[in-house]
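*Asks:* Sharing a structure below in structure tokens format, with a few things to ask.
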Amino acid sequence: MIETRNIDFYYGSFHALKNVSIRIEPHTVTAFIGPSGCGKSTFLRLFNRMNDLIENTSLTGECIVDGENIYNKSVQVDDLRKKVGMVFQKPNPFPKSIFENVAYGLRVNDVRDKAFIRQRVEESLVSAALWDEVKDKLKKSAFELSGGQQQRLCIARALAVSPSILLMDEPASALDPISTSKIEELIHILKQEYTIVIVTHNMQQAARVSDRTGFFMLGELVEYSDTKKMFLNPEKAETQNYITGRFG
Amino acid sequence: MRKRIRKITEHLMQGLFTLSGGVTSLAIILIIIFLFKEGLGLFRSSEVEKAYVLAVNVSNPVGALDSRQIKEIFDYTYTNWSELGGADAEIIPFRFEDIFSIYDESELGNDYELLPEKLGEVIASEPNILAFLPELYVPKDNADLRILPLRNISPRSFFGGIEWMPTATPAAQFGVLPLIMGTLWVSFFAILIALPLGLGVAIYLSELADERMRKLLKPAIELLAGIPSVVYGFFGLVVLVPLIQRALNLPVGETALAGSLILAIMALPTIITIAEDAMRATPKAMREASLALGATHWQTIYKVIVPYASSGIMAAVVLGVGRAIGETMAVLMVTGNAAVMPRSMFESVRTIPATIAAELGEAPSGGTHYQSLFLLGCILFLITLVVSISAEVISKQPVNKGL
Amino acid sequence: MNKRTKQRIAFAIFRLLSLAVVGILLWILGFIIYRGAGTISWEFLTTAPTDGMTGGGILPAIVGTLCLVAGSVVFAFPVGLMSGIYMNEYAGNGFVVKFIRVMTNNLGGIPSIVFGLFGMALFVNTFGFGDSIIAGSFTLGLLILPLIIRTTEEALKAIPQSFRSGSLALGASKFQTIVRVTLPMAFPNIVTGLILSIGRVSGETAPILFTVAAYFLPRLPHSIFDQVMALPYHLYVVATSGTNIEASRPIAYGTALTLILIVLLMNLLAGLLRKYFGGKVKTD
């Protein structure tokens, strides 16, 4: 479960997130939508503290994952990231073999048992619906895969370390329609085991894959409700305008 | 009218620009021509000093000797003709000036006009003699004397020889192997020292340093690159050399170690700058992917960033080696310059550039010594050409995909 | 060992290594400054060496080095500048440019002693200049040519295309655009490169050994066909082969410090120039 309370976030003096509070239930898919620059990606990247990498940022408020404020000093950020996996906008496999890409997260977390690694790699590739396509070429470079396959590889890579939450930052924006629908199907299946938070600029995609949707604008969470309700009967006029394409 | 003048000026300037563009290529071509013209002349030169010959008694069946054999005879290393395919008899090496210990100057005539005749007598009377004479004084029509055929200096004796004695008479020794090995030896250890240090600093600069530290370190490294090599040499001479001598209790401090240390410092800026650039060029996506999987920053560095930057780092190493191999003054001042095969870090060695710098001033223009130094220059030129080109090829190499 | 402990150790090592590099620099600079400061004086800089180079000053060497700097820059700067302009503004991106770039890189990688050999063969012997300022200047000029070309090219490359288009759209010719728009904007960076090459020229020893440098010549040069003393070679001489090495140590320290000061000054100048103009050039 993820919960944020009164999050404010700044890039230097730019106020990127304004007093955002949200509750995300386990085993659901939550989509964040909104015009570009609205803060949805920034918000997503708070959950695994990816924003730490950007210099000169500041944050107030609480971000609680599984009952613990992840911005507490006692929290080890690498442990957190193991628990909260992430898939990026563009497929970003390492320049390594398919097998080593998936095994990477295990290896950096000091897993040495080779049989276990092999097993986890296979399970993860199966979960990411990629196993049948790559099982005969695990030693081949990940760069030989197509864009859609690379993105599923990145999903498998994230699953291999057994996270409970999976963050997806516009995971299909760089892909063709067929690859996109494969990723969407995958999200449906993965929901059984993982809590998924996805950022998308594609409203149809949000409508198709998510249970709940949050609409961001200018750093504020304008509306957050069940996806069906949001798209059929939004409460706020801004949401209505955005969804019907009058804005953004 | 004004327009036409302007147009002509523009064409003229464009021509000038184009010409200037060709200057570096022209310089390279000229360097190749002049270096190789002088250098390769060595292999067309006789193995003994110019205008000198070797003569034996006609009864001696020995054939052409190579320069090493000639030198060893006059060094009394070979003492018996049987070692060289002749009869079992002691070799009597005879230098031209030895004649003055046999005959009084007055016996040789006022203008030494009797010198050839007397030389002929000496050679005729001594069947086991090997005489080294100026062509000018070779006795004419002496049936008891045979001039040995002379070979030219061979590439084999140059590249395979292990003795560098370019001023030895009668036969100078141009064995370049100790110099090549000395150069590689010193450079190899320099890089061995500089690589971990440089890589560490490059990692620090590209990954860890904040703006303040970068602002301190970058100019420091630039300055390190800007210090003239002769100042490095001087520093090595007055600080490192005595330090090494005392700390390791050596007879002299001018050692390969001193050279390697100074060269390591000098190669650092090259290695740091290029390796840092390469690591900075690693895409953000790679870094984020690794961190998002729970890798620590350090794991990300050595498992993703360094491998990703490996071709750039290799190029840095290659260029660092190039810099070390070509460095002249610093090495000249601290390595002691003994032209022997390097065996340890604690003995004196001599490199190719140091040899050129130390000897060219004394080598008569056009002589074999002069030519041999140009040939050393050719070797250096070729090495650095290989270095430049391989650095280029390596750094353009696509990221290692297979691993 | 825990991965975080490993990280801590690794990062501590890198920090230490970086400090070590700064330490080495400070050691070298500090040593030379400490030992040389006592020698350097107005008199030291303005008198000729005396007593077999164990006394007096280094004026002829300073003048010689200035001559060589001036000579090599006069030759290399226009040629390098024009070559850089050709590469970036005229040549496009075909085979010729790639070839020239490879050649320029190669020239930049050639060891300085090889330049010395070449300069001796071409300028001293073939052209018959003898050991002279002009032979040394040409040799040093060739040495810094790649540096000047590269910095010119980079400075020009940093000028956004839009400025050129703007000028061309107003009917200016290509040459006018270069002279009036591109070059003035790129000039600070080009001059930075020039300053760094001046630093380089003043410290090079190997190329001048056989083309110009005089072991001991207390008078000042009269023409470009004269031999001169030069600071780096003078340091080499008094450090290794003077008449009385121990007695000339102070002179050596003073000469080394003079060289270091030149390099420091050039780096400082270049840094200031970069700082002052850095923001103005990168308008995009």
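Each chain in the structure tokens gets a letter, A, B, ..., in the order shown, and its residues are numbered from 1; ligands are numbered from 1 in order too.
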Output the contact residues of chain B with respect to chain A at a cut-off of 12 Å, based on only C-alpha atoms, as a PDB file with C-alpha atoms, in the first residue's frame.
*Replies:*
```pdb
ATOM      1  CA  GLU B 207      30.195  10.412 -10.265  1.00  0.00           C
ATOM      2  CA  LEU B 208      30.947  11.732  -6.827  1.00  0.00           C
ATOM      3  CA  ASP B 210      30.124  18.139  -6.228  1.00  0.00           C
ATOM      4  CA  GLU B 211      30.483  21.350  -8.188  1.00  0.00           C
ATOM      5  CA  THR B 282      26.938   6.899 -20.216  1.00  0.00           C
ATOM      6  CA  PRO B 283      23.209   7.430 -20.804  1.00  0.00           C
ATOM      7  CA  LYS B 284      21.144   8.453 -17.799  1.00  0.00           C
ATOM      8  CA  ALA B 285      18.757   5.618 -18.614  1.00  0.00           C
ATOM      9  CA  MET B 286      21.451   3.020 -17.855  1.00  0.00           C
ATOM     10  CA  ARG B 287      22.217   4.597 -14.524  1.00  0.00           C
ATOM     11  CA  GLU B 288      18.544   4.843 -13.553  1.00  0.00           C
ATOM     12  CA  ALA B 289      17.793   1.289 -14.646  1.00  0.00           C
ATOM     13  CA  SER B 290      20.502  -0.015 -12.384  1.00  0.00           C
ATOM     14  CA  LEU B 291      19.609   2.124  -9.388  1.00  0.00           C
ATOM     15  CA  ALA B 292      15.916   1.289  -9.754  1.00  0.00           C
ATOM     16  CA  LEU B 293      16.789  -2.382  -9.298  1.00  0.00           C
ATOM     17  CA  GLY B 294      18.266  -1.709  -5.897  1.00  0.00           C
ATOM     18  CA  ALA B 295      21.909  -1.504  -6.961  1.00  0.00           C
ATOM     19  CA  THR B 296      24.062   0.848  -4.928  1.00  0.00           C
ATOM     20  CA  HIS B 297      25.769   3.717  -6.641  1.00  0.00           C
ATOM     21  CA  TRP B 298      29.077   1.856  -6.525  1.00  0.00           C
ATOM     22  CA  GLN B 299      27.529  -1.278  -8.029  1.00  0.00           C
ATOM     23  CA  THR B 300      26.064   0.895 -10.753  1.00  0.00           C
ATOM     24  CA  ILE B 301      29.477   2.370 -11.418  1.00  0.00           C
ATOM     25  CA  TYR B 302      31.413  -0.841 -11.767  1.00  0.00           C
ATOM     26  CA  LYS B 303      28.697  -3.005 -13.266  1.00  0.00           C
ATOM     27  CA  VAL B 304      27.157  -0.539 -15.699  1.00  0.00           C
ATOM     28  CA  ILE B 305      28.995   2.748 -16.096  1.00  0.00           C
ATOM     29  CA  VAL B 306      32.569   1.476 -16.339  1.00  0.00           C
ATOM     30  CA  PRO B 307      31.651  -1.342 -18.762  1.00  0.00           C
ATOM     31  CA  TYR B 308      29.613   1.125 -20.797  1.00  0.00           C
ATOM     32  CA  ALA B 309      32.560   3.520 -20.904  1.00  0.00           C
ATOM     33  CA  SER B 310      35.103   0.745 -21.427  1.00  0.00           C
ATOM     34  CA  PRO B 398      30.041   0.429 -30.293  1.00  0.00           C
ATOM     35  CA  VAL B 399      29.243  -0.483 -26.723  1.00  0.00           C
ATOM     36  CA  ASN B 400      30.117  -4.037 -25.914  1.00  0.00           C
ATOM     37  CA  LYS B 401      26.791  -5.723 -26.475  1.00  0.00           C
ATOM     38  CA  GLY B 402      27.511  -9.335 -25.815  1.00  0.00           C
ATOM     39  CA  LEU B 403      28.557  -9.454 -22.197  1.00  0.00           C
TER      40      LEU B 403
END
```
*Asks:* Write down, as an NGL selection string, each residue of chain C that has any atom within 7 Å of an atom of chain B, counting only C-alpha atoms.
*Replies:* :C and (7 or 14-15 or 17-18 or 22 or 25 or 28 or 79 or 82-83 or 85-87 or 100 or 103-104 or 106-107 or 109-111 or 113-114 or 117-118 or 121 or 175 or 200 or 203-206 or 210 or 232 or 236 or 239 or 256 or 260 or 263)
*Asks:* Please produce an output containing C-alpha atoms for each residue in the selection, written as a PDB file, in the first residue's frame.
*Replies:*
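Result file is part34.pdb:
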```pdb
ATOM      1  CA  GLN C   7      30.475   1.347  -1.496  1.00  0.00           C
ATOM      2  CA  PHE C  14      38.357   7.500  -4.861  1.00  0.00           C
ATOM      3  CA  ARG C  15      38.240  10.533  -2.647  1.00  0.00           C
ATOM      4  CA  LEU C  17      43.049   9.199  -4.908  1.00  0.00           C
ATOM      5  CA  SER C  18      41.676  12.556  -5.991  1.00  0.00           C
ATOM      6  CA  VAL C  22      45.941  17.396  -5.950  1.00  0.00           C
ATOM      7  CA  LEU C  25      50.440  18.888  -7.943  1.00  0.00           C
ATOM      8  CA  ILE C  28      55.602  19.786  -7.279  1.00  0.00           C
ATOM      9  CA  VAL C  79      47.400  28.820 -40.474  1.00  0.00           C
ATOM     10  CA  MET C  82      42.238  29.300 -41.356  1.00  0.00           C
ATOM     11  CA  SER C  83      42.490  25.550 -41.235  1.00  0.00           C
ATOM     12  CA  ILE C  85      37.615  27.741 -40.462  1.00  0.00           C
ATOM     13  CA  TYR C  86      38.018  25.537 -43.500  1.00  0.00           C
ATOM     14  CA  MET C  87      37.168  22.400 -41.535  1.00  0.00           C
ATOM     15  CA  ILE C 100      42.348  15.930 -42.524  1.00  0.00           C
ATOM     16  CA  MET C 103      45.990  13.696 -39.998  1.00  0.00           C
ATOM     17  CA  THR C 104      45.603  16.565 -37.538  1.00  0.00           C
ATOM     18  CA  ASN C 106      48.072  12.154 -35.758  1.00  0.00           C
ATOM     19  CA  LEU C 107      50.199  15.267 -35.941  1.00  0.00           C
ATOM     20  CA  GLY C 109      50.082  12.694 -31.216  1.00  0.00           C
ATOM     21  CA  ILE C 110      53.611  12.768 -32.584  1.00  0.00           C
ATOM     22  CA  PRO C 111      56.193  13.025 -29.784  1.00  0.00           C
ATOM     23  CA  ILE C 113      61.366  14.799 -30.090  1.00  0.00           C
ATOM     24  CA  VAL C 114      60.240  13.642 -33.530  1.00  0.00           C
ATOM     25  CA  LEU C 117      64.314  15.518 -35.673  1.00  0.00           C
ATOM     26  CA  PHE C 118      62.085  16.704 -38.461  1.00  0.00           C
ATOM     27  CA  ALA C 121      66.270  17.741 -41.172  1.00  0.00           C
ATOM     28  CA  PHE C 175      32.869  34.924 -46.059  1.00  0.00           C
ATOM     29  CA  ARG C 200      52.950  24.724 -24.299  1.00  0.00           C
ATOM     30  CA  GLY C 203      57.869  24.753 -21.991  1.00  0.00           C
ATOM     31  CA  GLU C 204      58.872  22.497 -24.871  1.00  0.00           C
ATOM     32  CA  THR C 205      62.470  21.367 -24.887  1.00  0.00           C
ATOM     33  CA  ALA C 206      62.874  18.444 -27.228  1.00  0.00           C
ATOM     34  CA  PHE C 210      68.588  20.685 -32.432  1.00  0.00           C
ATOM     35  CA  PRO C 232      63.338  25.003 -20.831  1.00  0.00           C
ATOM     36  CA  TYR C 236      67.914  21.162 -18.672  1.00  0.00           C
ATOM     37  CA  ALA C 239      70.233  20.845 -14.057  1.00  0.00           C
ATOM     38  CA  ALA C 256      62.037  26.123 -13.128  1.00  0.00           C
ATOM     39  CA  ILE C 260      56.012  27.300 -13.763  1.00  0.00           C
ATOM     40  CA  VAL C 263      52.344  28.111 -17.222  1.00  0.00           C
TER      41      VAL C 263
END
```
*Asks:* Please provide as a PyMOL selection string all residues within 7 Å of range 45-59 of chain C, with the sequence filter that same-chain residues fewer than 6 positions apart are discarded (counting only C-alpha atoms).
*Replies:* chain C and resi 218+242-244+247-248+251
*Asks:* Compile a residue-level contact table for chain C against chain A at a cut-off of 10 Å, reporting for every qualifying residue the shortest atom pair and its distance in Å to one decimal, with only C-alpha atoms counted, rows ordered by chain and ascending number, as CSV.
*Replies:*
```
residue,atom,partner,partner_atom,distance
C:Met1,CA,A:Asp110,CA,9.7
C:Asn2,CA,A:Asp110,CA,8.6
C:Lys3,CA,A:Asp110,CA,7.8
C:Arg4,CA,A:Asp78,CA,9.3
```
*Asks:* Write out the residues from the selection above, keeping C-alpha atoms, as a CSV table (one decimal), in the first residue's frame.
*Replies:*
```
chain,number,residue,atom,x,y,z
C,1,MET,CA,30.9,-7.7,3.1
C,2,ASN,CA,27.7,-5.7,2.9
C,3,LYS,CA,27.3,-3.9,-0.4
C,4,ARG,CA,26.9,-0.6,1.4
```
*Asks:* CA of Ala275 in chain B and CA of Val318 in chain B are how many Å apart?
*Replies:*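 That distance, rounded to one decimal, is 11.3 Å.
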*Asks:* Leaving out Leu168 in chain C and any residue of its chain fewer than 6 positions from it, which residues lie within 9 Å of it when counting only C-alpha atoms, given as an MDAnalysis selection string?
*Replies:* chainID C and resid 174 176:177
*Asks:* Which residue is closest to Ile244 in chain B? Choose from B:Leu192, B:Met345, B:Thr270, B:Ala168 and count only C-alpha atoms.
*Replies:*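 Among the listed residues, the smallest separation from Ile244 in chain B belongs to B:Met345.
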*Asks:* At a cut-off of 12 Å, using only C-alpha atoms, what residues contact Pro60 in chain C? Leave out same-chain residues fewer than 4 positions from it and give the result as a PyMOL selection string.
*Replies:* chain C and resi 44-50+53+56+64-67+213-222+227-231+233-234+255
*Asks:* Identify, on the basis of only C-alpha atoms, every residue whose closest approach to Arg150 in chain C does not exceed 10 Å; exclude the query and any residue fewer than 3 positions from it along the same chain; express the result as a VMD selection string.
*Replies:* chain C and resid 80 to 81 83 to 84 87 101 104 to 105 108 145 to 147 153 to 156 190 193
*Asks:* Would you mind writing down, as a PyMOL selection string, each residue of range 29-120 of chain A that DSSP on the backbone assigns to alpha helix (DSSP H)?
*Replies:* chain A and resi 40-44+77-83+98-108+114-120
*Asks:* Residues of range 61-192 of chain A in strand (DSSP E) according to DSSP, as a list in words?
*Replies:*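 Assigned to strand (DSSP E), within range 61-192 of chain A: Gly61, Glu62, Cys63, Ile64, Val65, Glu68, Asn69, Val84, Gly85, Met86, Val87, Ile165, Leu166, Leu167, Met168 and Asp169 of chain A.
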*Asks:* Write the residues of the selection above to a file with C-alpha atoms, as a CSV table (one decimal), in the first residue's frame.
*Replies:*
```csv
chain,number,residue,atom,x,y,z
A,61,GLY,CA,5.2,15.8,3.5
A,62,GLU,CA,5.1,12.1,4.0
A,63,CYS,CA,5.3,9.2,1.5
A,64,ILE,CA,4.4,6.0,3.2
A,65,VAL,CA,5.1,2.6,1.6
A,68,GLU,CA,7.0,3.3,6.6
A,69,ASN,CA,7.8,6.8,5.6
A,84,VAL,CA,9.4,-0.8,-5.5
A,85,GLY,CA,10.4,-1.7,-9.1
A,86,MET,CA,10.3,0.6,-12.0
A,87,VAL,CA,9.9,0.5,-15.8
A,165,ILE,CA,5.0,-2.5,-6.2
A,166,LEU,CA,5.7,-1.8,-9.9
A,167,LEU,CA,6.0,1.8,-11.1
A,168,MET,CA,5.6,2.3,-14.9
A,169,ASP,CA,6.6,5.7,-16.4
```
*Asks:* If we count only C-alpha atoms, what is near Ser36 in chain A at a cut-off of 10 Å, once residues fewer than 6 positions away on the same chain are taken out, given as a list in words?
*Replies:*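 So the residues in contact are Thr200, His201, Phe216, Met217, Leu218 and Gly248 of chain A.
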*Asks:* Hey, can you check how far CA of Tyr112 in chain B sits from CA of Glu47 in chain B?
*Replies:*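 According to the coordinates, CA of Tyr112 in chain B and CA of Glu47 in chain B are separated by 27.0 Å.
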*Asks:* Tell me which of B:Leu119, B:Leu12, B:Ala391, B:Leu136 sits closest to Val56 in chain B, counting only C-alpha atoms.
*Replies:*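 Using only C-alpha atoms, Val56 in chain B sits closest to B:Leu119.
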